[in-house]
Amino acid sequence: MASWLGGLGSGLGQSLGQVGGSLSSFTGQISNFTKDMLLEGVEEVGDAATELQVSNSRLADVQAVCSSQKSEYDRLKTLHSELEEKLEASEIQIKQQSAEYRMLLQQKDVEISLLKVRQNGLQEQVQKLQQSAQSVSAGAAVLPVTTSSSTVTSSTSSSFLSRPSGSHHGFHGDEMDLSDVIWSQQEINRLSAEVLRLEEEAAHWRRLSQTSSAGGAGNGGQGELLKLQRTIKDLREEMSREVDEHQHELAVLQDAQRQKMADITRRHRNELADYEERIEELEDQIQSGGGHSTPSSDASKLPELQKTISSLHEAADQRETQLAELSSRLEEAQKRQASLQLEKDDAQEENAGLLHNYTRLQASVTELQARVQEQEAKALQKAQLENEIQVLQNSLAASEKEIERLTSLAAAELVGEVEHADILEMNTIIGALRHEKEVLEQEKLDLEERLKMVSSQEFESQLLEDTKVELERREKALRTTEDERDALMSELEELDRQNQEATQHVISVKEQLSGQLKRAEADLTSSAAELKKTKDKNEALMQELEVQKERMRHSAFTLNDLHMSKQQLEGSVKELKEKLGHALEQKKEARREITAFKKDLKDREEQLAAAKVELGHTGSRGTEENLAVTERELSDLRRQLDQMRTSHETAMSEDFELKMENQKLKAESEQNRGEGEELARRLKESQSALSRAVREKDTRMEALRLDKSQLESELRQAESALSERAERYQQTLEELTRARSLDASALQAEHERAVELNQEKDMEIAQLKRDVAQLASDHRDTNEMLSITVAGQKQLTDLLQEKDVFVETLKKNASDFQSEMDDSIAVMTREAEAVRQSLEEKDRQLGGMKEDNNHLKEEIDRLRDQQSRPQSLAEPKTVDIITELEAEIAQIKSSRDVLEEEVQTLRRTIEEQQASLLLSQQNLHTQQSELEQARARLQQTALNYDRLIHARDEEIYHLHQVSADSPPVQGDVILQEDKTQTLNQESGNEKHDLSKVEIEKLVIGIKEKETEISQLHEKNLSLTKQLDQLVLSRDEVGKLSQMILQKDLEIQALHARVSTCVGGGHSQDVLFLQQQLQTYAVEREQVLAVLNEKARENSQLRSDYHRHVDIMAGKEAALLKLQQENQRLTNMSDPSGSQEMFKETIQNLSRIIREKDIEIDALTQKCQTLVTVLQTSGPESGAGSGGVSSNQFEELLQERDTLKQQVKKMEEWKQQVITTVKNMQHESAQLQEELIKLQGQVSADSDCSSKLTVDYSRLIQSYEQKEGRLGSLSQELAQVQQTITTLSSTKEALLGKLDCVAQTPEVAQSGEAPSPLSSRAVNNEELQEELARMRTQLAEKDSIIRTVQQNKHRLANAASASESEQRGQAEELLQVRERLEALQSSVREKDLLIKTKGDQLGQVREVLRNRENDGEVLKQAVTNLKERALILEMDGKKLKEENELIAARSREKASEFRALQETNMQVSLLLREKEFELSAASEKAAAVEKMLKDREQGKSGELNQLLNEMKSMQGKAVAFQQERDQVMMALKQKQMETSAVQMELQHVKDKEQRLNLELERLRSHLLEIEDSYTREALAAEDRETDLRRRVTLLDEKLTTSSSAVENASLQASMQVESLQEQLSRVVRQRDDALAHLRTSQEQVNQYAVSLSNLQMVLEQFQQEEKAMYSAELDRHKREKEEWRRKAERLEDQASALQINLDEASAALDSASRLTDQIDLNEEHIEELKRQVDLRQEMLEDAQKKLMNLLHSTEGKIDKVLMRNLFLGYFHTPKTKRADVLRLMGGILGLSREEVDKMLEEGGRQGVTGWVSSWLGGRGAQSVPNTPQRPPGGQGLNSSFSELFVKFLEYESTPSLPALRLPVYDIKPLSAPPPRRTSSTASSTGTGAAAGSKRAGEPNPFLAPRSAAVPLLAGSGGHLLMKPISDALPTFTPVPVSAEASAGAVLKDLLKQ
């Protein structure tokens, strides 16, 4: 990453440098170009006016080229900005990913470093083992201990290498695989390389774009622009492809990780299933094995079992009470937890919503800020531009005046070249000012448009002010949140620091370096971001301008359209309003007429009534007159009626037309309203969008307020800088105006100064842009930081919630762990001190051994001196002694090597124990967390089940059964445990020694207990405290077994030495001794090297310490196994039996070790006595001997002393081992107590689990019952639905019956009535319709009857003749009225028809209008498109013109280039001419010399000829050269012209192709639009024809309907006449009708009664149904609520069970890992046990061999020694026999004075006396109580030979073999040695006391001494008889009271 960023920075620096260089070169080129142009103009044209024209044209061309290049540059800028945005996005993504990968890499680096350290440690250990194996193989008497240890270590190392570290085996997915890490590292490297490559490419293209944009005005190459465009496109595609590939690779990585996780989980589940099956099988085995127990042991254990059962019952009761309390507490806690969970969910949702709003507001705030900045910049620019416009206008006016003056001057007189140059400069300035004026006018127009937009955006500015206020408010809140976040981060950092203190010192250097790198990277990224920001801002401004312009265009178009439509609508509305007014007036007039007609009608009716009354009064007198009057009135009435009808029809038609127009107006107004509403809706939407944007921006502005304050300060600085710059610009403009008034030279100087100032300003502008870019990059960084912090804050909140929970538990456990750590550290320090003391003692022993070695070397020298003497008889004895000493030295050396190895192993074990302490602490943490989780799970499950039990009142009966059943289950469990205990007791009685059978059984027991371990491991919090100590005990046991093996090896080596002592050749022994001396020297050097390496090993041991930490994790599992073995042994026998067995095995081991030590001490003492004998005999026989040197002997003795010191140290270490054994015994007792507690916990947990299983089964049963009830309920529901259907069917049947009942009277009526009714009564439906009709007829007839009755009453008094006429008239009137009503109804129907048709017509017209509008819109679109096509054509023309300008410019460039080439060629020609002239001059000089010589010779004529020829030749050569140069110049010019023309052609062709393509595209687009328009127009025409056709059809229908109406009116008149005829018939039928009327009235009454009854019945029935349905609905709702509640409860239970299942699966995963480790450790233990068995067999064989050897040597006398002594005495001459006796005395340790005294006394008595007494044949007696140094008197009584023989006898008596006694056969010592009577008495007392407590428990440290070594009470005596106690540090046994425990004894020992 650093390299990548470094490359990016270097690339950016290069690109910046190139940009600056290109700018400077560009300005230089411009200045040079202007100078050249001026000079060229001076050269070419002489006239000032023509010069002005030429310069103006050229300036215009250059300006056109510059403008085209500027546009191209802007386009490239936009492209570049887009690419940079994409790059930034990709860089941000890559940054995030690289940060994640960096974290991973740091973790992996740490792991790799740890693994490397471990590997180095292992390699060094392997090297050490190999060296030790080599050194041991070089030694003499080494047996396979080293090899076995090496194999063990190698196996452990290999296993360690195969299994990385136990500490890392946490839950699955904690660590990635090493292969994944490597692969991901490679992938990261590849991606970083790819990113670097892309960065370099981006920098390269950036440089290219900058150079092209800088040098665009200079070279104007279109081909390069095309290439750049293509490359930019390729880069974009590559970038997108790279991003896609990168994301794809990320997705693949995530998928692979998920797949791995899934595989691991699946594997763990399979393993769990296998383990569960194994557990079930083992439980079945235990249960099946539980049935085979014998009754005898049961009888003995019954009282104990009863006690345990009672205690367990009490414990169970206590547990139940505790469980009840816990369940209640748990319910409360769960309620709280549920409420908290709800609050947490709400908070999380709120948080998510706030985050979402925050992100949205951030985006909108950035947009708003950009807009604000743009508006501010626009306002500033506008102000500046207006000022500049005014200044420039003034300057233009002045310059124009100046131009006029200069032209008049130019016309007046020609001036010099300087004035020409000034005029040209002025022309250039004027052209530039004109161009600037045009640009400024264009910008003014743009600014006016922008001002319009800004005026529209004032509302937005107000909103922005509000948002600023909101931003400030929310910035404060953000600061507070940031403070909180900082506080939380600090807390998190403290926690992380506590967790990572172990690894921090390793990574600190790396972190510093990475911090520096990150700072450098941050600086680089900030500098790069600044650059990018400036470009982004420019591009954003340009884009926004374009967008605003486009919006303005669109809005203008839409406004035009809206105005047009509005005007049309207003015109139509006005027309419609006028029509409406007319229609309303007509309607009012029609109403007035109708009201008048109605009044007339009423008057006429009143008149009629009056006439009828008068008729009634006048009677028959005026009947004829009345009739005539009435007829006239009737005709008048009819006429009026006809008039009224016509007027009514006209009014109705007018009304209908008005309604149609009204509807049209309404539709148009609705359209207008819709358009208005749409506009309002758009306004509202824009306002809502603005408000939404404001709301979104609020939150973002809060986050950006800090940045805004900084940006505002920096903007103020920038504004001040800009204002200063503007002032400077004004000053420069003023200086320019002043400069115009100056002369030409001053103008030129001012121009140069202005150019310099311009460059300085450009630099300042660039600096300001960089500052702005830096501000923008800071702003973006803050945005990124805010987004990251928001994302991190969410994670932090989650983490804090988790860590708050963990912190409390950690605080609680911290003190406990601290105390445990202190204890374990104290123990470790004590053990380390003990090990140090043992090492010091070993060093001391080494020193002593070295001294002994030196002594032995001196003795060897003496022996060699003796070898040269003639006494050959004495040689074998000395040789044997020397060989013995050599063998002993070799043995001591081997023991020293073994001791050194043990010292190293001790150091390793110390380090391993320290490491195991750390690991055990970690394991304690994990186990505590697991225990808490398990407890929480138990409590959760208990809570869930308790809740379910309380919720279900139906299952109380089952709960009673459970409460009744639970104690027997517990009893069964206890019985099973007791059965296993009795079985184990029986098997324990059989096992008396740790033989192979017992080991196999132990392995079987271990396998049986594996499943229990996996369960216990979760709850094993208390055991973790003793884990480290148990590790020590395990190591100590291993060390004891190693010590046993080493002692066996020493015994074997000693036996080998004894066997070698029996015989051996002299010369071979000497050679062997010499070789061994050499090896000793080499080994001494090696020892020195080893001592030098100890310091180095000390550092290596630290690295081994880390490695052994991991090994100890595996050993902990093995120790757990041992604990379980202890537990199983406690179960097998009584609680003390297995402990006694364990103690007795350790005691046996220690006793064997001690016996071996005693034997070794006895042998070393023997060696010492032999050495002393040799020393005493050495000086006497040393004169003549020259074989062995005394120096070597001294070295051997020194080595022996050092070895003795080492042995002493070893013995001290042995004592410490014994103390540790006692500690282990004490700890094992504690462990057993804890195991008993854990067993009780396990039993309680098993009871709980059994209860839970029972509850679960009961729940399942209840769930099944509920399901059955649900099924039954569903069946009941189906039945209810069936009943409802049956009820509905019965209801329908009842209704049918009621209809039948209603129809029967109608049938009766039809039977009475005439034929019209009987024909219609066909079916039920027709009858119902007939009923309705009859009712209407009845009502009409009722009215008729009433009128008839009235007429009847009126005409009752009249004459009978007038009655019929009056009746006929009345009935005629009624019929007329009925006809009128029928006609009115038909008219109404026609009106309705006309209305519907009119509506249809209106719709058709609206459709037509819409089509016309669409056509107009399309026409407008076509016109717009045509305008656009014209614009595009204009653009094409402009582009062609630009192309031509560019071609002209390129031609000018080519001409400049040609001119430069011509000048170059001219210069080269001049050079060549000069060279030619030089050569000619030299030739002339030579010719002159020749001429002088010739003149001297007198040949002047020839010289002249030669000179003339030479001149002609020179002229020809010059002419030829000139011609050649001219031809070359012409050729090059032609080539340049052809290449330029080709380039121009190519450019023109490319442009033409592009323009043609654009034209073709536009033509195709226009054609498509025209086609679509024509198609739509045709479709509209088709629709119009269709509508017209419909209108004609409707008109035809109208005509038909009007004809039908006329026909109907005719028919009505005809019917009126027929009705008049029928009147007479009706009068006749009146009586019949009255009779029918009475009957029908009665029937109607009956029908009414029956209908009311039916309605009553129906209402009751409906009410009953409603009540029934409502009750059913309520019941169903209640049931549904109940079921829903039950379902929720079940879902809660299911979720809780799922949580428990997940936690159980996690626990089982951890258990599976632990079982894997346990299996590995079991295999390791089995291998160690096999090795122990092998060593045991070897030890037994060695013991047997030793016994055989001792038995074979028993009773033998060393005959060779006796013969040599005897013969040596008698072969010596009598004069020298005293010397022999002195030698014997020296060998026996007697001083020279004592020997002289004895010789003097022997001289008096005679030597033969003691010799004869010696040869007198005294039996060989053992003198056990021989003093060491007898007094003077005793020395003569017991002779030397006697003493020696007794010594030999004593030595030859066999010592009892160190048998491994059975456990129960060991008895306390009966005969203690005399020196230790007090101690043994006390120990026997304690033993008796202990015997009362524990039968047959021996004291491990009161083992019997070897019978071969008696313990003497006397301090004096002979050297050979010296007791062991003087040479060895004996272990005083500690008296133990009956009450004191092993722990108290251990504490006393430690205090001592």
# chains A, B, ... in the order shown; residues from 1 in each chain; ligands from 1
>>> residues_around(residues="A:Leu368", least_positions_apart="4", cutoff="9 Å", atoms="only C-alpha atoms", output="mmCIF file with N, CA and C atoms, in the first residue's frame")
data_model
loop_
_atom_site.group_PDB
_atom_site.id
_atom_site.type_symbol
_atom_site.label_atom_id
_atom_site.label_comp_id
_atom_site.auth_asym_id
_atom_site.auth_seq_id
_atom_site.Cartn_x
_atom_site.Cartn_y
_atom_site.Cartn_z
ATOM 1 N N ALA A 363 -25.799 13.645 1.316
ATOM 2 C CA ALA A 363 -25.764 13.819 -0.140
ATOM 3 C C ALA A 363 -26.411 15.151 -0.527
ATOM 4 N N SER A 364 -27.612 15.430 0.051
ATOM 5 C CA SER A 364 -28.304 16.666 -0.302
ATOM 6 C C SER A 364 -27.537 17.893 0.180
ATOM 7 N N VAL A 372 -24.734 26.602 -3.304
ATOM 8 C CA VAL A 372 -24.452 27.859 -2.593
ATOM 9 C C VAL A 372 -23.155 28.455 -3.081
ATOM 10 N N GLN A 373 -22.142 27.589 -3.144
ATOM 11 C CA GLN A 373 -20.841 28.074 -3.612
ATOM 12 C C GLN A 373 -20.936 28.594 -5.042
ATOM 13 N N LEU A 464 -31.939 27.607 2.297
ATOM 14 C CA LEU A 464 -30.539 27.360 2.648
ATOM 15 C C LEU A 464 -30.182 28.022 3.966
ATOM 16 N N ALA A 693 -35.671 17.623 0.434
ATOM 17 C CA ALA A 693 -34.228 17.875 0.302
ATOM 18 C C ALA A 693 -33.713 18.669 1.494
ATOM 19 N N VAL A 694 -34.529 19.655 1.933
ATOM 20 C CA VAL A 694 -34.119 20.462 3.092
ATOM 21 C C VAL A 694 -34.020 19.574 4.325
ATOM 22 N N LYS A 697 -31.088 17.526 4.004
ATOM 23 C CA LYS A 697 -29.869 18.310 4.132
ATOM 24 C C LYS A 697 -29.629 18.719 5.573
#
>>> residues_around(residues="stretch 346-350 of chain A", least_positions_apart="4", cutoff="10 Å", atoms="only C-alpha atoms", output="compact mmCIF listing (two decimals) with all heavy atoms, in the first residue's frame")
# COMPACT_ATOMS: atom_id res chain seq x y z
N LEU A 340 -36.45 -4.82 27.67
CA LEU A 340 -35.20 -4.23 27.18
C LEU A 340 -34.96 -4.55 25.73
O LEU A 340 -34.46 -3.72 24.97
CB LEU A 340 -34.02 -4.73 28.02
CG LEU A 340 -33.91 -4.13 29.43
CD1 LEU A 340 -32.91 -4.93 30.22
CD2 LEU A 340 -33.49 -2.68 29.37
N GLN A 341 -35.31 -5.79 25.35
CA GLN A 341 -35.13 -6.19 23.95
C GLN A 341 -36.00 -5.34 23.02
O GLN A 341 -35.57 -4.91 21.95
CB GLN A 341 -35.48 -7.69 23.79
CG GLN A 341 -35.16 -8.27 22.42
CD GLN A 341 -33.69 -8.30 22.15
OE1 GLN A 341 -32.91 -8.49 23.05
NE2 GLN A 341 -33.30 -8.09 20.93
N LEU A 342 -37.27 -5.12 23.49
CA LEU A 342 -38.16 -4.27 22.69
C LEU A 342 -37.58 -2.86 22.56
O LEU A 342 -37.56 -2.28 21.47
CB LEU A 342 -39.55 -4.21 23.34
CG LEU A 342 -40.40 -5.49 23.25
CD1 LEU A 342 -41.58 -5.39 24.18
CD2 LEU A 342 -40.86 -5.70 21.81
N LEU A 354 -32.34 6.95 11.42
CA LEU A 354 -31.51 8.16 11.52
C LEU A 354 -30.29 8.07 10.62
O LEU A 354 -29.91 9.05 9.97
CB LEU A 354 -31.07 8.36 12.97
CG LEU A 354 -32.15 8.87 13.93
CD1 LEU A 354 -31.69 8.75 15.35
CD2 LEU A 354 -32.50 10.32 13.63
N LEU A 355 -29.69 6.89 10.60
CA LEU A 355 -28.51 6.71 9.73
C LEU A 355 -28.89 6.89 8.26
O LEU A 355 -28.16 7.55 7.50
CB LEU A 355 -27.92 5.32 9.94
CG LEU A 355 -27.07 5.13 11.20
CD1 LEU A 355 -26.75 3.68 11.39
CD2 LEU A 355 -25.77 5.91 11.07
N HIS A 356 -30.04 6.31 7.91
CA HIS A 356 -30.50 6.43 6.52
C HIS A 356 -30.74 7.90 6.16
O HIS A 356 -30.29 8.40 5.12
CB HIS A 356 -31.76 5.61 6.34
CG HIS A 356 -32.26 5.59 4.93
ND1 HIS A 356 -31.49 5.10 3.87
CD2 HIS A 356 -33.44 6.00 4.39
CE1 HIS A 356 -32.19 5.22 2.76
NE2 HIS A 356 -33.36 5.76 3.04
N LYS A 794 -22.40 2.41 14.92
CA LYS A 794 -23.39 1.34 15.04
C LYS A 794 -22.74 0.08 15.57
O LYS A 794 -23.23 -0.56 16.49
CB LYS A 794 -24.02 1.08 13.68
CG LYS A 794 -25.27 0.22 13.74
CD LYS A 794 -25.91 0.11 12.39
CE LYS A 794 -27.15 -0.78 12.45
NZ LYS A 794 -27.75 -0.96 11.15
N THR A 797 -21.89 0.58 19.18
CA THR A 797 -23.02 0.41 20.10
C THR A 797 -23.28 -1.06 20.39
O THR A 797 -23.48 -1.46 21.53
CB THR A 797 -24.28 1.04 19.50
OG1 THR A 797 -24.43 0.56 18.17
CG2 THR A 797 -24.19 2.54 19.49
N ASP A 798 -23.24 -1.86 19.28
CA ASP A 798 -23.42 -3.31 19.49
C ASP A 798 -22.30 -3.88 20.35
O ASP A 798 -22.54 -4.65 21.29
CB ASP A 798 -23.44 -4.04 18.14
CG ASP A 798 -24.57 -3.53 17.26
OD1 ASP A 798 -25.58 -3.08 17.81
OD2 ASP A 798 -24.44 -3.60 16.04
>>> atom_distance(atom1="atom CA of A:Gln939", atom2="atom CA of A:Leu1235")
23.6 Å
>>> closest_residue(among="A:Lys1846, A:Lys537, A:Arg592, A:Lys664", to="A:Val573", atoms="only C-alpha atoms")
A:Lys664
>>> atom_distance(atom1="atom CA of A:Leu906", atom2="atom CA of A:Lys1039")
8.9 Å
>>> residues_around(residues="stretch 1708-1718 of chain A", least_positions_apart="2", cutoff="7 Å", atoms="only C-alpha atoms", output="list in words")
Phe171, His268, Leu272, Ser1014, Gly1114, Ala1117, Ala1118, Ala1704, Ser1705, Ala1706, Leu1720, Asn1721 and Glu1722 of chain A
>>> residues_around(residues="A:Val391", least_positions_apart="4", cutoff="8 Å", atoms="only C-alpha atoms", output="ChimeraX atom specification")
/A:387,395,733
>>> residues_around(residues="stretch 1669-1685 of chain A", least_positions_apart="4", cutoff="12 Å", atoms="only C-alpha atoms", output="PyMOL selection string")
chain A and resi 951+1263+1266-1267+1269-1270+1273-1274+1276-1277+1280-1281+1283-1284+1287+1662-1665+1689-1692
>>> write_last_selection(atoms="N, CA, C and O atoms", output="PDB file, in the first residue's frame")
ATOM      1  N   ALA A 951     -48.647 -22.028  32.414  1.00  0.00           N
ATOM      2  CA  ALA A 951     -49.656 -21.591  31.440  1.00  0.00           C
ATOM      3  C   ALA A 951     -50.721 -22.640  31.193  1.00  0.00           C
ATOM      4  O   ALA A 951     -51.864 -22.338  30.857  1.00  0.00           O
ATOM      5  N   TYR A1263     -49.116 -30.632  22.968  1.00  0.00           N
ATOM      6  CA  TYR A1263     -49.183 -30.026  21.625  1.00  0.00           C
ATOM      7  C   TYR A1263     -49.976 -30.923  20.683  1.00  0.00           C
ATOM      8  O   TYR A1263     -50.814 -30.455  19.897  1.00  0.00           O
ATOM      9  N   LYS A1266     -53.562 -30.587  21.509  1.00  0.00           N
ATOM     10  CA  LYS A1266     -54.096 -29.330  20.963  1.00  0.00           C
ATOM     11  C   LYS A1266     -54.368 -29.471  19.469  1.00  0.00           C
ATOM     12  O   LYS A1266     -55.371 -28.970  18.949  1.00  0.00           O
ATOM     13  N   GLU A1267     -53.430 -30.143  18.780  1.00  0.00           N
ATOM     14  CA  GLU A1267     -53.641 -30.358  17.353  1.00  0.00           C
ATOM     15  C   GLU A1267     -54.910 -31.165  17.103  1.00  0.00           C
ATOM     16  O   GLU A1267     -55.689 -30.876  16.179  1.00  0.00           O
ATOM     17  N   ARG A1269     -57.512 -31.279  19.082  1.00  0.00           N
ATOM     18  CA  ARG A1269     -58.650 -30.385  19.346  1.00  0.00           C
ATOM     19  C   ARG A1269     -58.889 -29.437  18.170  1.00  0.00           C
ATOM     20  O   ARG A1269     -60.040 -29.166  17.810  1.00  0.00           O
ATOM     21  N   LEU A1270     -57.797 -28.966  17.592  1.00  0.00           N
ATOM     22  CA  LEU A1270     -57.932 -28.091  16.417  1.00  0.00           C
ATOM     23  C   LEU A1270     -58.662 -28.815  15.294  1.00  0.00           C
ATOM     24  O   LEU A1270     -59.527 -28.265  14.628  1.00  0.00           O
ATOM     25  N   LEU A1273     -62.232 -29.026  16.122  1.00  0.00           N
ATOM     26  CA  LEU A1273     -62.861 -27.716  15.924  1.00  0.00           C
ATOM     27  C   LEU A1273     -63.110 -27.433  14.444  1.00  0.00           C
ATOM     28  O   LEU A1273     -64.147 -26.878  14.072  1.00  0.00           O
ATOM     29  N   SER A1274     -62.118 -27.795  13.624  1.00  0.00           N
ATOM     30  CA  SER A1274     -62.315 -27.588  12.175  1.00  0.00           C
ATOM     31  C   SER A1274     -63.502 -28.413  11.671  1.00  0.00           C
ATOM     32  O   SER A1274     -64.313 -27.952  10.853  1.00  0.00           O
ATOM     33  N   GLU A1276     -66.083 -29.315  13.528  1.00  0.00           N
ATOM     34  CA  GLU A1276     -67.285 -28.621  14.007  1.00  0.00           C
ATOM     35  C   GLU A1276     -67.621 -27.424  13.126  1.00  0.00           C
ATOM     36  O   GLU A1276     -68.796 -27.161  12.838  1.00  0.00           O
ATOM     37  N   LEU A1277     -66.591 -26.689  12.710  1.00  0.00           N
ATOM     38  CA  LEU A1277     -66.804 -25.552  11.810  1.00  0.00           C
ATOM     39  C   LEU A1277     -67.459 -25.987  10.515  1.00  0.00           C
ATOM     40  O   LEU A1277     -68.385 -25.343  10.011  1.00  0.00           O
ATOM     41  N   VAL A1280     -70.984 -26.624  11.197  1.00  0.00           N
ATOM     42  CA  VAL A1280     -71.736 -25.366  11.336  1.00  0.00           C
ATOM     43  C   VAL A1280     -72.022 -24.770   9.966  1.00  0.00           C
ATOM     44  O   VAL A1280     -73.145 -24.280   9.701  1.00  0.00           O
ATOM     45  N   GLN A1281     -71.018 -24.818   9.093  1.00  0.00           N
ATOM     46  CA  GLN A1281     -71.233 -24.301   7.735  1.00  0.00           C
ATOM     47  C   GLN A1281     -72.343 -25.088   7.033  1.00  0.00           C
ATOM     48  O   GLN A1281     -73.189 -24.534   6.336  1.00  0.00           O
ATOM     49  N   THR A1283     -74.825 -26.663   8.466  1.00  0.00           N
ATOM     50  CA  THR A1283     -76.118 -26.261   9.058  1.00  0.00           C
ATOM     51  C   THR A1283     -76.579 -24.917   8.489  1.00  0.00           C
ATOM     52  O   THR A1283     -77.767 -24.698   8.223  1.00  0.00           O
ATOM     53  N   ILE A1284     -75.601 -23.996   8.309  1.00  0.00           N
ATOM     54  CA  ILE A1284     -75.947 -22.675   7.743  1.00  0.00           C
ATOM     55  C   ILE A1284     -76.497 -22.836   6.338  1.00  0.00           C
ATOM     56  O   ILE A1284     -77.496 -22.199   5.953  1.00  0.00           O
ATOM     57  N   LEU A1287     -79.936 -24.138   6.599  1.00  0.00           N
ATOM     58  CA  LEU A1287     -80.853 -23.068   7.007  1.00  0.00           C
ATOM     59  C   LEU A1287     -81.182 -22.137   5.844  1.00  0.00           C
ATOM     60  O   LEU A1287     -82.337 -21.725   5.649  1.00  0.00           O
ATOM     61  N   GLN A1662     -84.746 -13.071  10.425  1.00  0.00           N
ATOM     62  CA  GLN A1662     -83.459 -12.386  10.202  1.00  0.00           C
ATOM     63  C   GLN A1662     -82.800 -12.002  11.515  1.00  0.00           C
ATOM     64  O   GLN A1662     -81.583 -12.141  11.680  1.00  0.00           O
ATOM     65  N   GLN A1663     -83.630 -11.550  12.472  1.00  0.00           N
ATOM     66  CA  GLN A1663     -83.045 -11.201  13.782  1.00  0.00           C
ATOM     67  C   GLN A1663     -82.440 -12.418  14.460  1.00  0.00           C
ATOM     68  O   GLN A1663     -81.346 -12.376  15.022  1.00  0.00           O
ATOM     69  N   GLU A1664     -83.175 -13.536  14.375  1.00  0.00           N
ATOM     70  CA  GLU A1664     -82.626 -14.760  14.987  1.00  0.00           C
ATOM     71  C   GLU A1664     -81.326 -15.176  14.306  1.00  0.00           C
ATOM     72  O   GLU A1664     -80.350 -15.534  14.964  1.00  0.00           O
ATOM     73  N   GLU A1665     -81.357 -15.111  12.963  1.00  0.00           N
ATOM     74  CA  GLU A1665     -80.125 -15.473  12.235  1.00  0.00           C
ATOM     75  C   GLU A1665     -78.954 -14.545  12.596  1.00  0.00           C
ATOM     76  O   GLU A1665     -77.824 -15.005  12.814  1.00  0.00           O
ATOM     77  N   ARG A1689     -47.198 -18.065  22.104  1.00  0.00           N
ATOM     78  CA  ARG A1689     -46.428 -18.699  23.172  1.00  0.00           C
ATOM     79  C   ARG A1689     -45.527 -19.797  22.624  1.00  0.00           C
ATOM     80  O   ARG A1689     -44.365 -19.929  22.986  1.00  0.00           O
ATOM     81  N   LEU A1690     -46.116 -20.611  21.724  1.00  0.00           N
ATOM     82  CA  LEU A1690     -45.317 -21.698  21.126  1.00  0.00           C
ATOM     83  C   LEU A1690     -44.166 -21.158  20.304  1.00  0.00           C
ATOM     84  O   LEU A1690     -43.069 -21.726  20.310  1.00  0.00           O
ATOM     85  N   GLU A1691     -44.407 -20.042  19.598  1.00  0.00           N
ATOM     86  CA  GLU A1691     -43.307 -19.438  18.837  1.00  0.00           C
ATOM     87  C   GLU A1691     -42.214 -18.940  19.758  1.00  0.00           C
ATOM     88  O   GLU A1691     -41.032 -19.122  19.483  1.00  0.00           O
ATOM     89  N   ASP A1692     -42.635 -18.311  20.884  1.00  0.00           N
ATOM     90  CA  ASP A1692     -41.623 -17.879  21.861  1.00  0.00           C
ATOM     91  C   ASP A1692     -40.811 -19.053  22.361  1.00  0.00           C
ATOM     92  O   ASP A1692     -39.579 -19.006  22.459  1.00  0.00           O
TER      93      ASP A1692
END
